[in-house]
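Structure below is input-v4.csv: CSV, C-alpha atoms.
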chain,number,residue,atom,x,y,z
I,898,MET,CA,60.1,56.4,84.0
I,899,GLU,CA,60.4,59.5,81.9
I,900,GLU,CA,62.2,58.5,78.7
I,901,TYR,CA,63.8,61.9,78.5
I,902,PHE,CA,66.1,60.9,81.4
I,903,LEU,CA,66.8,57.4,80.2
I,904,ARG,CA,70.6,58.0,80.5
I,905,GLN,CA,70.3,59.9,83.8
I,906,TYR,CA,68.3,57.2,85.8
I,907,PRO,CA,71.3,54.8,86.0
I,908,LEU,CA,73.3,57.6,87.6
I,909,PHE,CA,70.8,59.0,90.1
I,910,GLY,CA,68.2,56.2,90.5
I,911,GLU,CA,64.4,56.9,90.1
I,912,LYS,CA,63.9,58.3,93.6
I,913,LYS,CA,66.6,60.9,93.3
I,914,GLN,CA,65.7,61.8,89.8
I,915,LYS,CA,62.1,62.3,90.8
I,916,SER,CA,63.1,64.4,93.8
I,917,LEU,CA,64.6,67.0,91.5
I,918,LYS,CA,61.1,67.8,90.3
I,919,SER,CA,60.3,69.5,93.6
I,920,LYS,CA,63.5,71.6,93.5
I,921,SER,CA,63.9,75.1,92.3
I,922,ILE,CA,66.9,77.4,91.4
I,923,ALA,CA,67.5,81.0,90.6
I,924,ILE,CA,70.2,81.8,88.0
I,925,ILE,CA,71.2,85.5,88.3
I,926,GLY,CA,72.7,86.7,85.1
I,927,CYS,CA,72.0,85.1,81.7
I,928,GLY,CA,75.3,85.9,80.1
I,929,GLY,CA,78.4,83.7,79.7
I,930,LEU,CA,78.1,81.7,82.9
I,931,GLY,CA,74.3,82.0,83.0
I,932,SER,CA,73.5,80.7,79.6
I,933,ASN,CA,75.8,77.7,80.2
I,934,LEU,CA,74.2,77.1,83.6
I,935,ALA,CA,70.7,77.3,82.3
I,936,LEU,CA,71.3,75.0,79.4
I,937,THR,CA,72.6,72.1,81.5
I,938,LEU,CA,70.6,72.6,84.7
I,939,GLY,CA,67.3,73.4,82.8
I,940,SER,CA,67.3,70.0,81.2
I,941,SER,CA,68.4,68.0,84.3
I,942,GLY,CA,64.9,67.5,85.8
I,943,ILE,CA,65.0,70.4,88.2
I,944,GLY,CA,61.3,71.5,88.5
I,945,LYS,CA,61.5,75.3,88.5
I,946,VAL,CA,64.1,77.7,87.1
I,947,TYR,CA,64.1,81.4,87.6
I,948,LEU,CA,66.2,83.3,85.0
I,949,VAL,CA,67.1,86.9,85.9
I,950,ASP,CA,68.9,89.4,83.7
I,951,PHE,CA,68.2,93.1,82.9
I,952,ASP,CA,70.2,93.1,79.7
I,953,VAL,CA,69.7,92.5,76.0
I,954,VAL,CA,72.0,90.6,73.7
I,955,ALA,CA,74.9,92.6,72.2
I,956,VAL,CA,77.0,91.4,69.2
I,957,HIS,CA,80.1,91.1,71.4
I,958,ASN,CA,78.3,88.8,73.9
I,959,ILE,CA,77.5,86.0,71.5
I,960,HIS,CA,80.9,84.3,71.1
I,961,ARG,CA,80.8,83.1,74.8
I,962,GLN,CA,77.1,83.4,75.7
I,963,ILE,CA,76.4,80.2,73.9
I,964,ALA,CA,72.6,80.3,74.0
I,965,TYR,CA,72.3,83.3,71.7
I,966,ARG,CA,72.4,83.8,67.9
I,967,LEU,CA,73.0,86.8,65.7
I,968,GLU,CA,69.3,87.4,65.1
I,969,ASP,CA,68.9,87.8,68.9
I,970,ILE,CA,70.8,91.1,69.1
I,971,ASN,CA,68.9,93.7,71.2
I,972,LYS,CA,66.5,91.1,72.5
I,973,PRO,CA,66.3,90.4,76.3
I,974,LYS,CA,68.5,87.6,77.4
I,975,ALA,CA,66.3,86.2,80.1
I,976,LYS,CA,63.3,85.9,77.7
I,977,LEU,CA,65.4,84.2,75.0
I,978,LEU,CA,67.0,81.8,77.4
I,979,ALA,CA,63.7,80.8,78.9
I,980,LYS,CA,62.3,79.9,75.5
I,981,ILE,CA,65.3,77.7,74.8
I,982,LEU,CA,64.9,75.9,78.1
I,983,ARG,CA,61.2,75.2,77.4
I,984,ASP,CA,62.0,74.1,73.9
I,985,ARG,CA,64.6,71.6,75.2
I,986,TYR,CA,62.5,70.1,78.0
I,987,ASP,CA,58.8,70.4,78.5
I,988,GLY,CA,58.9,69.3,82.1
I,989,VAL,CA,60.6,72.4,83.5
I,990,GLU,CA,58.8,75.5,84.7
I,991,VAL,CA,60.8,78.5,83.6
I,992,ILE,CA,60.1,81.9,85.0
I,993,GLU,CA,62.1,84.7,83.3
I,994,PHE,CA,62.6,88.1,85.0
I,995,VAL,CA,63.8,90.9,82.8
I,996,GLY,CA,65.2,93.3,85.4
I,997,SER,CA,67.9,93.8,88.0
I,998,PHE,CA,68.6,91.5,90.9
I,999,GLU,CA,67.3,94.2,93.3
I,1000,GLU,CA,64.0,94.2,91.4
I,1001,PHE,CA,63.9,90.4,91.4
I,1002,LYS,CA,64.3,90.3,95.2
I,1003,LYS,CA,61.0,92.2,95.5
I,1004,ILE,CA,58.9,89.5,94.0
I,1005,ASP,CA,59.8,87.2,97.0
I,1006,ALA,CA,60.4,84.1,94.9
I,1007,LYS,CA,61.2,80.9,96.7
I,1008,TYR,CA,64.0,78.7,95.5
I,1009,ASP,CA,66.5,76.2,96.9
I,1010,VAL,CA,69.8,77.5,95.6
I,1011,LEU,CA,70.9,81.0,94.4
I,1012,ILE,CA,73.3,80.7,91.5
I,1013,ASP,CA,75.8,83.3,90.4
I,1014,GLY,CA,75.9,84.0,86.7
I,1015,THR,CA,76.9,87.6,87.1
I,1016,ASP,CA,79.9,89.5,85.8
I,1017,ASN,CA,80.9,91.8,88.7
I,1018,LEU,CA,81.9,91.5,92.3
I,1019,PRO,CA,79.5,94.1,93.9
I,1020,THR,CA,76.4,92.1,92.6
I,1021,ARG,CA,77.9,88.9,94.0
I,1022,ALA,CA,78.2,90.5,97.4
I,1023,LYS,CA,74.4,91.3,97.1
I,1024,LEU,CA,73.7,87.7,96.1
I,1025,GLU,CA,75.5,86.5,99.3
I,1026,MET,CA,73.5,88.9,101.5
I,1027,HIS,CA,70.2,87.7,100.0
I,1028,ALA,CA,71.1,84.0,100.3
I,1029,ARG,CA,71.8,84.6,104.0
I,1030,GLU,CA,68.5,86.3,104.4
I,1031,LEU,CA,66.7,83.4,102.7
I,1032,ASN,CA,68.9,80.9,104.6
I,1033,ILE,CA,69.8,79.0,101.5
I,1034,PRO,CA,73.2,78.2,99.9
I,1035,TRP,CA,74.5,80.2,96.9
I,1036,VAL,CA,77.1,79.2,94.4
I,1037,TYR,CA,79.8,81.7,93.2
I,1038,ALA,CA,81.8,81.6,90.0
I,1039,SER,CA,83.9,84.1,88.2
I,1040,VAL,CA,86.0,83.6,85.1
I,1041,GLU,CA,88.4,85.5,82.8
I,1042,GLU,CA,91.5,84.8,80.7
I,1043,PHE,CA,92.3,81.1,81.4
I,1044,HIS,CA,91.3,80.9,85.0
I,1045,GLY,CA,88.3,81.2,87.4
I,1046,TYR,CA,86.9,80.4,90.8
I,1047,VAL,CA,84.0,78.3,91.9
I,1048,CYS,CA,82.7,78.0,95.5
I,1049,PHE,CA,79.5,76.5,97.0
I,1050,PHE,CA,78.8,78.8,99.9
I,1051,LYS,CA,76.9,77.6,102.9
I,1052,ASN,CA,78.4,79.1,106.0
I,1053,SER,CA,81.4,81.0,104.9
I,1054,THR,CA,81.5,84.6,103.8
I,1055,PHE,CA,82.6,85.6,100.3
I,1056,ALA,CA,82.6,89.3,100.9
I,1057,LYS,CA,85.2,89.0,103.7
I,1058,ALA,CA,87.7,87.0,101.7
I,1059,ILE,CA,87.4,88.6,98.2
I,1060,THR,CA,88.2,92.2,97.7
I,1061,ILE,CA,84.9,93.7,96.4
I,1062,ASN,CA,85.6,96.4,93.9
I,1063,ASP,CA,84.4,97.5,90.4
I,1064,ARG,CA,87.4,95.9,88.7
I,1065,VAL,CA,86.7,95.2,85.0
I,1066,SER,CA,87.2,91.7,83.6
I,1067,ALA,CA,90.3,91.0,81.5
I,1068,GLY,CA,90.0,89.2,78.2
I,1069,ILE,CA,87.9,86.1,77.9
I,1070,ALA,CA,87.3,83.3,75.4
I,1071,PRO,CA,84.4,80.9,75.1
I,1072,PRO,CA,85.8,77.5,76.3
I,1073,ILE,CA,86.9,78.6,79.8
I,1074,VAL,CA,83.5,80.2,80.5
I,1075,SER,CA,81.8,76.8,79.7
I,1076,LEU,CA,84.3,75.0,81.8
I,1077,ILE,CA,83.8,77.1,84.9
I,1078,ALA,CA,80.0,77.2,84.5
I,1079,SER,CA,79.9,73.4,84.1
I,1080,PHE,CA,81.8,72.9,87.3
I,1081,GLU,CA,79.4,75.3,89.0
I,1082,ALA,CA,76.4,73.5,87.6
I,1083,ASN,CA,77.8,70.1,88.7
I,1084,LEU,CA,77.9,71.3,92.3
I,1085,VAL,CA,74.3,72.6,92.1
I,1086,LEU,CA,73.0,69.3,90.7
I,1087,ARG,CA,74.9,67.1,93.1
I,1088,TYR,CA,73.6,69.2,96.0
I,1089,LEU,CA,70.0,69.1,94.8
I,1090,VAL,CA,70.0,65.4,94.1
I,1091,GLY,CA,71.4,64.7,97.6
I,1092,LEU,CA,74.9,63.6,96.7
I,1093,ASN,CA,78.0,64.7,98.8
I,1094,THR,CA,78.8,68.3,97.8
I,1095,GLU,CA,81.8,70.2,98.9
I,1096,MET,CA,80.8,73.4,100.8
I,1097,ASP,CA,82.8,76.5,101.6
I,1098,ILE,CA,85.7,75.3,99.5
I,1099,LEU,CA,87.1,77.8,97.1
I,1100,ASN,CA,88.2,76.1,93.9
I,1101,TYR,CA,90.8,77.9,91.8
I,1102,LEU,CA,90.9,76.5,88.2
I,1103,TYR,CA,93.8,77.6,86.0
I,1104,PHE,CA,96.4,76.8,83.5
I,1105,ASP,CA,99.9,77.0,85.0
I,1106,GLU,CA,102.9,78.4,83.2
I,1107,ASP,CA,103.6,75.0,81.7
I,1108,GLY,CA,100.1,74.8,80.3
I,1109,ILE,CA,99.0,72.2,82.8
I,1110,PHE,CA,95.4,72.5,83.9
I,1111,ARG,CA,95.1,72.6,87.7
I,1112,VAL,CA,92.4,72.9,90.4
I,1113,ASP,CA,93.7,74.2,93.7
I,1114,VAL,CA,91.3,74.0,96.7
I,1115,PHE,CA,91.2,76.3,99.6
I,1116,GLN,CA,89.1,76.3,102.8
I,1117,MET,CA,87.1,79.4,103.1
I,1118,PRO,CA,87.0,80.9,106.6
I,1119,ILE,CA,83.8,80.2,108.6
D,502,MET,CA,111.3,80.1,106.4
D,503,VAL,CA,108.0,80.8,104.8
D,504,LEU,CA,107.3,79.8,101.2
D,505,ILE,CA,105.1,82.1,99.0
D,506,ASN,CA,103.5,80.7,95.9
D,507,PHE,CA,101.9,82.9,93.2
D,508,LEU,CA,99.1,81.4,91.2
D,509,GLY,CA,97.7,81.7,87.7
D,510,PRO,CA,98.7,84.8,85.8
D,511,ILE,CA,100.9,86.3,88.5
D,512,LYS,CA,104.3,85.8,86.9
D,513,THR,CA,106.6,85.4,89.9
D,514,THR,CA,108.6,82.4,90.9
D,515,PRO,CA,108.0,81.1,94.4
D,516,LEU,CA,109.7,83.2,97.1
D,517,GLU,CA,111.2,82.1,100.5
D,518,VAL,CA,111.2,84.7,103.2
D,519,ASP,CA,112.5,84.7,106.8
D,520,PHE,CA,111.8,86.9,109.8
D,521,VAL,CA,108.1,87.4,109.3
D,522,SER,CA,105.5,87.0,112.0
D,523,THR,CA,102.2,88.3,110.4
D,524,LEU,CA,100.6,88.5,107.0
D,525,ARG,CA,101.3,92.3,107.2
D,526,ASP,CA,105.0,91.6,107.3
D,527,ILE,CA,104.7,89.5,104.1
D,528,SER,CA,102.6,92.2,102.5
D,529,GLU,CA,105.3,94.7,103.2
D,530,VAL,CA,108.0,92.4,101.8
D,531,LEU,CA,106.0,91.8,98.6
D,532,SER,CA,105.1,95.5,98.2
D,533,LYS,CA,108.7,96.4,97.6
D,534,ASP,CA,108.3,94.9,94.2
D,535,PRO,CA,106.1,97.2,92.0
D,536,TYR,CA,104.8,94.3,89.9
D,537,LEU,CA,103.6,92.4,93.0
D,538,LYS,CA,102.4,95.6,94.8
D,539,ASN,CA,100.0,96.0,91.9
D,540,TRP,CA,98.6,92.5,92.3
D,541,LEU,CA,98.3,92.8,96.1
D,542,VAL,CA,95.6,95.5,95.7
D,543,ASP,CA,92.9,93.0,95.0
D,544,CYS,CA,94.3,89.5,95.3
D,545,THR,CA,93.2,86.8,97.8
D,546,ILE,CA,95.6,85.2,100.2
D,547,ALA,CA,95.7,81.7,101.7
D,548,VAL,CA,97.9,80.4,104.5
D,549,ASN,CA,98.3,76.6,104.4
D,550,ASP,CA,95.4,76.4,102.0
D,551,VAL,CA,93.0,78.4,104.2
D,552,ILE,CA,91.8,81.7,102.9
D,553,VAL,CA,92.6,84.6,105.3
D,554,TYR,CA,91.6,88.2,105.2
D,555,ASP,CA,93.2,89.7,108.3
D,556,LEU,CA,96.6,91.3,107.9
D,557,GLU,CA,97.4,90.4,111.5
D,558,THR,CA,97.1,86.7,110.8
D,559,PRO,CA,100.1,85.1,112.5
D,560,ILE,CA,102.6,83.4,110.2
D,561,GLU,CA,104.9,80.7,111.4
D,562,ASP,CA,108.1,79.1,110.2
D,563,GLY,CA,107.2,76.4,107.6
D,564,ASP,CA,103.9,78.0,106.6
D,565,ILE,CA,103.0,78.2,102.9
D,566,VAL,CA,101.3,81.3,101.7
D,567,SER,CA,99.4,81.4,98.4
D,568,VAL,CA,98.7,84.6,96.4
D,569,LEU,CA,95.6,84.1,94.3
D,570,PRO,CA,94.7,86.6,91.5
D,571,PRO,CA,91.4,88.5,91.3
D,572,VAL,CA,88.9,87.2,88.8
D,573,CYS,CA,85.6,89.1,88.3
D,574,GLY,CA,84.1,88.2,84.9
D,575,GLY,CA,81.3,86.0,83.9
Give the structure from this file in structure tokens form.
Amino acid sequence: MEEYFLRQYPLFGEKKQKSLKSKSIAIIGCGGLGSNLALTLGSSGIGKVYLVDFDVVAVHNIHRQIAYRLEDINKPKAKLLAKILRDRYDGVEVIEFVGSFEEFKKIDAKYDVLIDGTDNLPTRAKLEMHARELNIPWVYASVEEFHGYVCFFKNSTFAKAITINDRVSAGIAPPIVSLIASFEANLVLRYLVGLNTEMDILNYLYFDEDGIFRVDVFQMPI
Amino acid sequence: MVLINFLGPIKTTPLEVDFVSTLRDISEVLSKDPYLKNWLVDCTIAVNDVIVYDLETPIEDGDIVSVLPPVCGG
């Protein structure tokens, strides 16, 4: 038994925990969602993690993109994040790709789940198209203000139900980004370890006008 | 009677409407309010907790329509 996962074995059992070693994921976008996703999934026992981002760290990223420090400004996010993952767990193979999703597609990487850590709707539509081509599920998340969506897509179509435009995000603060990314990461981990995972259900997480946190669930059209 | 709920940051109390047979009818009713018309440009709609995207989706008496706001950041 790997001592690193001493607290995880009682949850998953040895067989399931070991099965994660043969799984691989691609996290597209290493910003707010992506850095949270990578930190929790990268140390869960998943064997291989692709990290994709074309961008470098800007000072206004750091408040919510929790992997980065002030000294990281102007350095490529995917590279920085990959180093953190390797430093936190030496049993994970991390492959960073500093470039666009379009460029990443060309290297023909193979992975089990495509994970959305992007910040715009047109790229998410491209993620969905590529997941369909690879015949793998993809997990969508978006977040701003005090609300966000998460959906594990297997058969349903994101691009049909969500208006794809170049809308710019409203304001955003760190804790809601971590919350939405954590929910997204939980769905990925449950799926990869073989536990029941909701599919094609759109979760809308928000604070209502009384300040009560709610999760409303909607069936996506198949 | 059809109940329309507005979620998250859409600051409108639930509405009850009559004499509507499709989602397009509901869209026309809501578009009379400039505040809601603005949201309708890129919101997502559910009927009885199922996401729909066709304005010709039939609406029946007793249905519950949810208007979900757009969220794009990450």
request  = Between D:Asp555, D:Gly563, D:Val568, D:Gly575, single out the one closest to Ile511 in chain D, counting only C-alpha atoms.
outcome  = D:Val568
For Leu1092 in chain I, work out the shell of residues within 12 Å, counting all atoms listed in the file and skipping chain neighbours fewer than 3 positions away, then give it as a short mmCIF file (atom, residue, chain, number, x, y, z; two decimals) with C-alpha atoms, in the frame of the given file.
data_model
loop_
_atom_site.label_atom_id
_atom_site.label_comp_id
_atom_site.auth_asym_id
_atom_site.auth_seq_id
_atom_site.Cartn_x
_atom_site.Cartn_y
_atom_site.Cartn_z
CA LEU I 908 73.30 57.60 87.60
CA PHE I 909 70.80 59.00 90.10
CA GLY I 910 68.20 56.20 90.50
CA LYS I 913 66.60 60.90 93.30
CA GLN I 914 65.70 61.80 89.80
CA ASN I 1083 77.80 70.10 88.70
CA LEU I 1084 77.90 71.30 92.30
CA VAL I 1085 74.30 72.60 92.10
CA LEU I 1086 73.00 69.30 90.70
CA ARG I 1087 74.90 67.10 93.10
CA TYR I 1088 73.60 69.20 96.00
CA LEU I 1089 70.00 69.10 94.80
CA GLU I 1095 81.80 70.20 98.90
#
task = Write out as a PyMOL selection string every residue belonging to chain I that has an atom at most 8 Å from any atom of chain D, counting all atoms listed in the file.
result = chain I and resi 928-930+1014-1018+1038-1041+1044-1046+1057-1060+1064-1067+1074+1103-1106+1114-1118
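Across the structure, CA of Leu541 in chain D and CA of Ala1070 in chain I are spaced 25.3 Å apart.
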inquiry  = As an exercise, work out the distance from CA of Thr937 in chain I to CA of His957 in chain I in Å and give it to one decimal place.
reply    =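 Separating CA of Thr937 in chain I from CA of His957 in chain I is a distance of 22.8 Å.
Residues in contact range of Leu978 in chain I, defined as at most 9 Å between all atoms listed in the file, with sequence neighbours fewer than 2 positions away removed, read Cys927, Ser932, Ala935, Leu936, Leu948, Ala964, Tyr965, Pro973, Lys974, Ala975, Lys976, Lys980, Ile981, Leu982, Arg983 and Glu993 of chain I.
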task = Tell me, in Å to one decimal, how far CA of Pro1019 in chain I is from CA of Ile1069 in chain I.
result = 19.8 Å
